[in-house]
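Here the structure comes first, spelled out in structure tokens, and everything after it is commentary.
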Amino acid sequence: MTATYGDLVGKAGVDIHTGLLHVMRRGFVDQRQAQNTVGAYYDLIAALRAHTWWLIDPARARHAELDQVRKHKAVHDDLDMVAAVVFAGYGPLRERPAWLPYPEADFDHPWRDAADKLGAATDLLDTHLGPHRESRSEQADTVLDPHQRRGALAFIAQLTSLVMSADSTIGTACRHRDIPWQIVNKWLPDRDKTKAFVYRMYELAAKHDDGRGLRDIAVNLHPVREGDPILELGDRMLRLRHTAWELAGANPDYSAVTLHDLAGLGMTANLHTAAAHGIDVTTHTPAPHRLVTTARAFLQLTTDLRDYVAPGPPDPAIRTDVLAACRLLAELAPTDRPGRGLRFPDTQTRETLSALHGACDVMGQIARMNRVTFSTLANSGLIHIPARLLSGEILSDNPDAAQAKLSGTQRVVAPPARVRQTVQLYEAIGEATGHVGPYQPAPVHAADYDHPALFRRAEFEGRP
Amino acid sequence: MYTWFKGAAAVLEHTAVDWDGVWSLLFAAGKAAFRLSLQLPIGVGAELAYAAMDICEARDEVAWVHPEVPMTAIAVDLGPLEPAVDLPATAAVLVRLLDAALDRLSLLQEVDPDPDARSLPRQLASKLRSAREAITGLVR
């Protein structure tokens with residue numbers, strides 16, 4: 001299963017709670033364990049701080065602001081400022097003062113796992129960005145969106161709040177092992193102000209927490225899990241979307257055949273989904289279903305793109321995925337026998353239909369990306385069309401093309417009027433799939449995401 | 001009245017037994033198959049579009065191996081269809097074009113002295129046969 005950001009921070013939350021329960025129920029066996037746990041506790045705070053700082057856009061909240069924060073009066077209403085105050089409130093954590101302990105290398109505690117997972121979660125998000133915060137995937141916009149990042153901060157702030165309030169529990173457990181008051185006070189100083197600011201940070205961030213936000217972001221790698229056709233179809237569609245996104249960048253591969261392949265897959269996906277719902281696709285109907293209209297729009301585009309001649313050969317990776325996806329679609333929803341749709345809403349049917357609709361949605365997104373690619377190609381002047389295929393209407397608008405045709409030239413650079421026809425076909429697909437939003441196929445959803453509400457009072461009763 | 005039948009007859013008459021001829025026949029067949037696919041219900045049209053893609057791919061392969069062919073061969077578009085499509089008749093025209101291309105390919109394979117170059121007609125022929133099979137399957 002593909003781990004998502006939500007999975008990682010959710011599991012980190014579980015580890016934090018588990019670690020706190022260990023301390024509450026069992027306390028410490030000796031001073032060495034107490035010292036190690038306090039060290040792990042500081043490591044965990046450092047990890048939470050690093051995670052928070054990654055989510056707060058460091059490009060905006062610069063270090064320079066840290067000094068101004070203390071003089072500033074209206075700190076309470078600005079999330080960046082509050083985060084900066086919290087940051088300053090922790091004091092040094094990575095290079096600690098001499099009296100704060102570090103955990104031993106072989107010390108095992110859930111808090112250390114939590115710190116690792118929090119680090120892994122930011123690493124996961126970082127795979128979508130380049131070294132200068134440039135986009136490396138189609139999800140980079142979501143990752144860079146300040147609103148989403150602040151929404152994700154709400155959960156982290158909640159965990160931070162929990163960890164900060166664990167100090168009294170740790171202090172009590174230390175006293176049970178006869179660690180002197182002076183040392184305990186040095187280890188766990190009074191942090192009431194910081195705690196208040198952490199809670200304020202949570203309040204401010206929670207306003208941005210709507211829906212799933214960053215939780216469904218998976219790592220920016222696109223392996224294909226073969227064997228299960230539903231999983232394989234989802235993986236291949238995601239990989240195609242990623243490749244189509246790359247093509248829509250500044251350097252397309254100058255191949256019209258690749259666009260043609262993808263348009264053909266769009267037709268296949270919509271056609272098979274329609275067949276799976278039991279829609280009659282073999283006769284003309286007066287009011288065709290949306291899936292049939294979309295399939296027809298893709299077919300028109302496929303036919304239209306065939307006329308162009310471009311210098312690039314078809315992309316073999318895309319073609320492999322397209323052929324495999326066509327095979328999987330035919331396997332999941334054959335058109336030669338009537339589909340039953342949702343007449344039997346068992347798990348298998350629902351998962352199949354979900355994967356098929358997912359494929360259609362991804363094709364809608366790919367068509368929008370391809371439209372950009374096609375415009376780039378047309379702009380580059382490298383896309384040609386046989387002069388014979390230009391209609392009189394187009395030729396009358398474009399004297400150069402007419403001249404070329406009369407003088408017997410075989411190919412001309414695609415005239416703007418012809419390019420506009422293709423762009424209109426892309427727009428027709430855009431309208432037919434206008435309902436499509438950002439999409440993740442079902443298996444990639446953060447199923448293991450545990451909400452912090454997993455604090456169960458019953459487990460805390462009977463503590464030592 | 002102009003029909004595809006007349007257009008196809010003209011193509012068949014004016015194409016020689018060489019790569020130019022094969023390319024012209026495939027061009028006419030591919031273009032016509034795409035045109036026909038747009039006028040049929042999508043379930044049938046899609047099958048025909050796959051056949052058309054195969055034909056166009058075969059045509060592109062000819063163009064990769066013989067780059068001068070698209071520049072010299074005649075390219076005929078059979079033109080639009082009347083709104084009420086007579087599927088068996090139009091499919092018969094496509095099959096006729098493909099059969100002519102297959103005949104030329106088998107002749108080209110026999111006369112070509114270079115053993116390496118013989119693999120191209122064989123590959124194209126298998127692709128075209130599957131397209132032909134799909135088109136005849138539509139009428140049945």
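Residues in the structure tokens are named by chain (A, B, ... in the order shown) and by number from 1 within that chain; ligands are numbered from 1 in the order shown.
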Practice prompt. For chain A, report every residue with an atom at most 7 Å from chain B (counting only C-alpha atoms), formatted as a ChimeraX atom specification.
Written response: /A:281-284,296,300,303,410
Practice prompt. Assign secondary structure with DSSP using the backbone only, and return the residues of region 162-403 of chain A in alpha helix (DSSP H) as a ChimeraX atom specification.
Written response: /A:162-164,167-176,181-187,192-206,229-247,256-276,290-305,316-332,347-380,392-397,399-403
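Note that CA of Gly264 (chain A) and CA of Leu299 (chain A) are 6.7 Å apart.
For the residues A:Gly171, A:Pro97, A:Gly130, A:Gly430, ranking by smallest atom-to-atom distance to Phe298 (chain A) using only C-alpha atoms places A:Gly430 first.
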Worksheet item: Hey, what's within 9 Å of His289 (chain A) if we count only C-alpha atoms and toss same-chain stuff fewer than 5 positions away? As a PyMOL selection string, please?
Response: chain A and resi 274+279+294
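Of note, CA of Gln182 (chain A) and CA of Leu44 (chain A) are spaced 23.1 Å apart.
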Neighbour list for Ser130 (chain B) as a PDB file with N, CA and C atoms, in the first residue's frame, cut-off 12 Å, only C-alpha atoms, skip fewer than 2 positions in-chain:
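File produced: result21.pdb:
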```
ATOM      1  N   GLU B  47     -14.600   0.473 -32.126  1.00  0.00           N
ATOM      2  CA  GLU B  47     -13.940  -0.678 -32.762  1.00  0.00           C
ATOM      3  C   GLU B  47     -13.288  -0.258 -34.076  1.00  0.00           C
ATOM      4  N   LEU B  48     -14.047   0.529 -34.838  1.00  0.00           N
ATOM      5  CA  LEU B  48     -13.540   0.979 -36.132  1.00  0.00           C
ATOM      6  C   LEU B  48     -12.362   1.938 -35.953  1.00  0.00           C
ATOM      7  N   TYR B  50     -10.193   1.834 -33.541  1.00  0.00           N
ATOM      8  CA  TYR B  50      -8.985   1.047 -33.259  1.00  0.00           C
ATOM      9  C   TYR B  50      -8.390   0.513 -34.558  1.00  0.00           C
ATOM     10  N   ALA B  51      -9.274   0.007 -35.456  1.00  0.00           N
ATOM     11  CA  ALA B  51      -8.792  -0.491 -36.751  1.00  0.00           C
ATOM     12  C   ALA B  51      -8.114   0.641 -37.516  1.00  0.00           C
ATOM     13  N   ALA B  52      -8.734   1.843 -37.473  1.00  0.00           N
ATOM     14  CA  ALA B  52      -8.152   2.985 -38.178  1.00  0.00           C
ATOM     15  C   ALA B  52      -6.794   3.344 -37.603  1.00  0.00           C
ATOM     16  N   MET B  53      -6.672   3.247 -36.253  1.00  0.00           N
ATOM     17  CA  MET B  53      -5.369   3.545 -35.633  1.00  0.00           C
ATOM     18  C   MET B  53      -4.321   2.561 -36.114  1.00  0.00           C
ATOM     19  N   ASP B  54      -4.707   1.275 -36.209  1.00  0.00           N
ATOM     20  CA  ASP B  54      -3.763   0.266 -36.704  1.00  0.00           C
ATOM     21  C   ASP B  54      -3.321   0.602 -38.119  1.00  0.00           C
ATOM     22  N   ILE B  55      -4.293   0.974 -38.958  1.00  0.00           N
ATOM     23  CA  ILE B  55      -3.966   1.277 -40.356  1.00  0.00           C
ATOM     24  C   ILE B  55      -3.014   2.470 -40.415  1.00  0.00           C
ATOM     25  N   ALA B  58       0.444   1.531 -39.382  1.00  0.00           N
ATOM     26  CA  ALA B  58       1.139   0.826 -40.466  1.00  0.00           C
ATOM     27  C   ALA B  58       1.648   1.837 -41.494  1.00  0.00           C
ATOM     28  N   VAL B  95     -12.582  -2.590 -46.828  1.00  0.00           N
ATOM     29  CA  VAL B  95     -11.980  -3.919 -46.978  1.00  0.00           C
ATOM     30  C   VAL B  95     -11.288  -4.030 -48.327  1.00  0.00           C
ATOM     31  N   LEU B  98      -7.979  -2.267 -48.154  1.00  0.00           N
ATOM     32  CA  LEU B  98      -7.013  -3.046 -47.373  1.00  0.00           C
ATOM     33  C   LEU B  98      -6.547  -4.270 -48.146  1.00  0.00           C
ATOM     34  N   ASP B  99      -7.480  -4.933 -48.850  1.00  0.00           N
ATOM     35  CA  ASP B  99      -7.092  -6.100 -49.641  1.00  0.00           C
ATOM     36  C   ASP B  99      -6.073  -5.713 -50.702  1.00  0.00           C
ATOM     37  N   LEU B 102      -2.798  -5.268 -49.049  1.00  0.00           N
ATOM     38  CA  LEU B 102      -2.201  -6.563 -48.687  1.00  0.00           C
ATOM     39  C   LEU B 102      -1.619  -7.254 -49.912  1.00  0.00           C
ATOM     40  N   GLN B 123       5.378  -7.558 -41.100  1.00  0.00           N
ATOM     41  CA  GLN B 123       4.779  -6.898 -39.926  1.00  0.00           C
ATOM     42  C   GLN B 123       3.532  -6.120 -40.308  1.00  0.00           C
ATOM     43  N   LEU B 124       3.647  -5.363 -41.407  1.00  0.00           N
ATOM     44  CA  LEU B 124       2.510  -4.549 -41.821  1.00  0.00           C
ATOM     45  C   LEU B 124       1.325  -5.430 -42.153  1.00  0.00           C
ATOM     46  N   ALA B 125       1.607  -6.540 -42.827  1.00  0.00           N
ATOM     47  CA  ALA B 125       0.508  -7.399 -43.257  1.00  0.00           C
ATOM     48  C   ALA B 125      -0.265  -7.932 -42.059  1.00  0.00           C
ATOM     49  N   SER B 126       0.471  -8.318 -40.981  1.00  0.00           N
ATOM     50  CA  SER B 126      -0.260  -8.866 -39.832  1.00  0.00           C
ATOM     51  C   SER B 126      -1.121  -7.776 -39.195  1.00  0.00           C
ATOM     52  N   LYS B 127      -0.584  -6.554 -39.147  1.00  0.00           N
ATOM     53  CA  LYS B 127      -1.356  -5.446 -38.575  1.00  0.00           C
ATOM     54  C   LYS B 127      -2.612  -5.177 -39.413  1.00  0.00           C
ATOM     55  N   LEU B 128      -2.427  -5.174 -40.729  1.00  0.00           N
ATOM     56  CA  LEU B 128      -3.555  -4.858 -41.608  1.00  0.00           C
ATOM     57  C   LEU B 128      -4.593  -5.970 -41.582  1.00  0.00           C
ATOM     58  N   ARG B 132      -8.438  -5.556 -40.838  1.00  0.00           N
ATOM     59  CA  ARG B 132      -9.449  -6.039 -41.789  1.00  0.00           C
ATOM     60  C   ARG B 132     -10.459  -6.943 -41.082  1.00  0.00           C
ATOM     61  N   GLU B 133      -9.899  -7.779 -40.206  1.00  0.00           N
ATOM     62  CA  GLU B 133     -10.747  -8.685 -39.422  1.00  0.00           C
ATOM     63  C   GLU B 133     -11.756  -7.876 -38.595  1.00  0.00           C
ATOM     64  N   ALA B 134     -11.262  -6.802 -37.966  1.00  0.00           N
ATOM     65  CA  ALA B 134     -12.150  -5.985 -37.125  1.00  0.00           C
ATOM     66  C   ALA B 134     -13.252  -5.353 -37.965  1.00  0.00           C
ATOM     67  N   ILE B 135     -12.882  -4.890 -39.177  1.00  0.00           N
ATOM     68  CA  ILE B 135     -13.887  -4.203 -40.006  1.00  0.00           C
ATOM     69  C   ILE B 135     -14.925  -5.197 -40.512  1.00  0.00           C
ATOM     70  N   THR B 136     -14.468  -6.376 -40.934  1.00  0.00           N
ATOM     71  CA  THR B 136     -15.460  -7.354 -41.393  1.00  0.00           C
ATOM     72  C   THR B 136     -16.316  -7.820 -40.219  1.00  0.00           C
ATOM     73  N   GLY B 137     -15.735  -7.823 -39.011  1.00  0.00           N
ATOM     74  CA  GLY B 137     -16.507  -8.209 -37.824  1.00  0.00           C
ATOM     75  C   GLY B 137     -17.656  -7.263 -37.535  1.00  0.00           C
TER      76      GLY B 137
END
```
Discussion item. Please list as a count of residues only every residue within 12 Å of Arg290 (chain A), counting only C-alpha atoms and excluding residues in the same chain fewer than 3 positions away.
Written reply: 20
Worksheet entry | Within 12 Å of Thr422 (chain A) using only C-alpha atoms, minus same-chain residues under 2 positions, as a PyMOL selection string | chain A and resi 256+259-260+263+297-298+300-308+367+370-372+374-375+378+414-420+424-429
Item to complete: Any chance you could list, as an MDAnalysis selection string, the residues in region 348-445 of chain A that come up strand (DSSP E) when DSSP is run on the backbone?
Response: chainID A and resid 384:386 411:413
With N, CA and C atoms retained, export the selected residues as a compact mmCIF listing (two decimals), in the first residue's frame.
```txt
# COMPACT_ATOMS: atom_id res chain seq x y z
N HIS A 384 3.33 20.22 -38.30
CA HIS A 384 2.96 20.39 -39.70
C HIS A 384 1.68 19.65 -40.00
N ILE A 385 1.13 19.95 -41.16
CA ILE A 385 -0.06 19.24 -41.60
C ILE A 385 0.03 19.10 -43.12
N PRO A 386 -0.33 17.94 -43.67
CA PRO A 386 -0.30 17.82 -45.13
C PRO A 386 -1.24 18.84 -45.76
N ARG A 411 3.64 19.69 -47.30
CA ARG A 411 3.29 19.97 -45.91
C ARG A 411 3.45 21.44 -45.61
N VAL A 412 2.58 21.94 -44.76
CA VAL A 412 2.72 23.32 -44.29
C VAL A 412 2.67 23.31 -42.78
N VAL A 413 3.22 24.38 -42.19
CA VAL A 413 3.07 24.55 -40.73
C VAL A 413 1.58 24.73 -40.45
```
Per residue of region 19-125 of chain B within 10 Å of region 6-12 of chain B, which atom pair is closest and at what distance in Å (one decimal), using only C-alpha atoms, listed by chain and increasing number, as a tab-separated table?
```
residue	atom	partner	partner_atom	distance
B:Gly21	CA	B:Leu12	CA	8.7
B:Ser24	CA	B:Val11	CA	7.7
B:Leu25	CA	B:Val11	CA	7.0
B:Ala28	CA	B:Ala8	CA	7.9
B:Ala29	CA	B:Ala8	CA	8.8
B:Ala32	CA	B:Ala8	CA	9.9
B:Ile74	CA	B:Val11	CA	8.8
B:Ala75	CA	B:Val11	CA	9.0
B:Val76	CA	B:Val11	CA	7.2
B:Asp77	CA	B:Gly7	CA	8.4
B:Leu78	CA	B:Gly7	CA	5.8
B:Gly79	CA	B:Gly7	CA	8.5
B:Val93	CA	B:Ala8	CA	6.8
B:Leu94	CA	B:Ala8	CA	8.4
B:Arg96	CA	B:Ala8	CA	8.3
B:Leu97	CA	B:Ala8	CA	7.0
B:Ala100	CA	B:Leu12	CA	7.4
B:Ala101	CA	B:Leu12	CA	9.4
```
Output the selection as a PDB file, in the first residue's frame - N, CA and C atoms for each residue.
```
ATOM      1  N   GLY B  21       2.359   3.184 -53.591  1.00  0.00           N
ATOM      2  CA  GLY B  21       1.008   2.662 -53.723  1.00  0.00           C
ATOM      3  C   GLY B  21       0.446   2.199 -52.391  1.00  0.00           C
ATOM      4  N   SER B  24      -0.431   5.180 -50.254  1.00  0.00           N
ATOM      5  CA  SER B  24      -1.657   5.851 -50.707  1.00  0.00           C
ATOM      6  C   SER B  24      -2.900   5.086 -50.276  1.00  0.00           C
ATOM      7  N   LEU B  25      -2.843   3.762 -50.446  1.00  0.00           N
ATOM      8  CA  LEU B  25      -4.009   2.948 -50.069  1.00  0.00           C
ATOM      9  C   LEU B  25      -4.268   3.031 -48.564  1.00  0.00           C
ATOM     10  N   ALA B  28      -5.755   6.443 -47.653  1.00  0.00           N
ATOM     11  CA  ALA B  28      -7.186   6.542 -47.967  1.00  0.00           C
ATOM     12  C   ALA B  28      -8.005   5.704 -46.996  1.00  0.00           C
ATOM     13  N   ALA B  29      -7.527   4.468 -46.699  1.00  0.00           N
ATOM     14  CA  ALA B  29      -8.291   3.574 -45.825  1.00  0.00           C
ATOM     15  C   ALA B  29      -8.358   4.124 -44.404  1.00  0.00           C
ATOM     16  N   ALA B  32     -10.581   7.226 -44.216  1.00  0.00           N
ATOM     17  CA  ALA B  32     -11.995   6.871 -44.395  1.00  0.00           C
ATOM     18  C   ALA B  32     -12.528   6.148 -43.165  1.00  0.00           C
ATOM     19  N   ILE B  74       0.565   9.816 -53.765  1.00  0.00           N
ATOM     20  CA  ILE B  74      -0.666  10.610 -53.775  1.00  0.00           C
ATOM     21  C   ILE B  74      -1.473  10.255 -52.528  1.00  0.00           C
ATOM     22  N   ALA B  75      -2.056  11.296 -51.928  1.00  0.00           N
ATOM     23  CA  ALA B  75      -2.850  11.100 -50.719  1.00  0.00           C
ATOM     24  C   ALA B  75      -4.279  11.504 -51.032  1.00  0.00           C
ATOM     25  N   VAL B  76      -5.168  10.521 -50.957  1.00  0.00           N
ATOM     26  CA  VAL B  76      -6.563  10.783 -51.328  1.00  0.00           C
ATOM     27  C   VAL B  76      -7.450  10.645 -50.106  1.00  0.00           C
ATOM     28  N   ASP B  77      -8.233  11.672 -49.896  1.00  0.00           N
ATOM     29  CA  ASP B  77      -9.238  11.611 -48.839  1.00  0.00           C
ATOM     30  C   ASP B  77     -10.572  11.326 -49.526  1.00  0.00           C
ATOM     31  N   LEU B  78     -11.240  10.262 -49.115  1.00  0.00           N
ATOM     32  CA  LEU B  78     -12.475   9.882 -49.808  1.00  0.00           C
ATOM     33  C   LEU B  78     -13.620  10.859 -49.563  1.00  0.00           C
ATOM     34  N   GLY B  79     -13.438  11.766 -48.637  1.00  0.00           N
ATOM     35  CA  GLY B  79     -14.447  12.802 -48.445  1.00  0.00           C
ATOM     36  C   GLY B  79     -15.533  12.410 -47.472  1.00  0.00           C
ATOM     37  N   VAL B  93     -15.961  -1.029 -48.960  1.00  0.00           N
ATOM     38  CA  VAL B  93     -14.964  -0.170 -49.597  1.00  0.00           C
ATOM     39  C   VAL B  93     -13.647  -0.225 -48.826  1.00  0.00           C
ATOM     40  N   LEU B  94     -13.740  -0.139 -47.488  1.00  0.00           N
ATOM     41  CA  LEU B  94     -12.526  -0.191 -46.657  1.00  0.00           C
ATOM     42  C   LEU B  94     -11.811  -1.520 -46.847  1.00  0.00           C
ATOM     43  N   ARG B  96     -11.903  -3.436 -49.336  1.00  0.00           N
ATOM     44  CA  ARG B  96     -11.311  -3.495 -50.679  1.00  0.00           C
ATOM     45  C   ARG B  96      -9.959  -2.777 -50.716  1.00  0.00           C
ATOM     46  N   LEU B  97      -9.919  -1.612 -50.090  1.00  0.00           N
ATOM     47  CA  LEU B  97      -8.658  -0.864 -50.030  1.00  0.00           C
ATOM     48  C   LEU B  97      -7.602  -1.672 -49.288  1.00  0.00           C
ATOM     49  N   ALA B 100      -6.313  -4.564 -51.355  1.00  0.00           N
ATOM     50  CA  ALA B 100      -5.373  -4.106 -52.382  1.00  0.00           C
ATOM     51  C   ALA B 100      -4.009  -3.855 -51.764  1.00  0.00           C
ATOM     52  N   ALA B 101      -3.998  -3.229 -50.544  1.00  0.00           N
ATOM     53  CA  ALA B 101      -2.718  -2.973 -49.878  1.00  0.00           C
ATOM     54  C   ALA B 101      -2.030  -4.277 -49.521  1.00  0.00           C
TER      55      ALA B 101
END
```
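Interatomic distance, CA of Asp106 (chain A) against CA of Leu93 (chain A): 19.9 Å.
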Discussion item. List as a PyMOL selection string the protein and nucleic acid residues near Asp261 (chain A), meaning an atom at most 8 Å away when only C-alpha atoms are counted, but skip any in the same chain fewer than 4 places from it.
Written reply: chain A and resi 257+265+302+319+322
Keeping only C-alpha atoms, write the selected residues as a tab-separated table (two decimals), in the first residue's frame.
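Result went into part-v3.tsv, see below:
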```tsv
chain	number	residue	atom	x	y	z
A	257	VAL	CA	1.34	10.73	-31.77
A	265	LEU	CA	-7.24	6.01	-24.14
A	302	THR	CA	-8.24	11.28	-31.79
A	319	ARG	CA	2.41	3.87	-25.19
A	322	VAL	CA	-1.79	3.21	-22.67
```
Discussion item. Under the rule that only C-alpha atoms are counted, which of B:Asp103, B:Glu110, B:Glu68, B:Asp60 is the nearest residue to Phe27 (chain B)?
Written reply: B:Asp60
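The shortest atom-to-atom distance to Thr409 (chain A), with only C-alpha atoms taken into account, belongs to A:Arg388 out of A:Ala105, A:Ser380, A:Leu214, A:Arg388.
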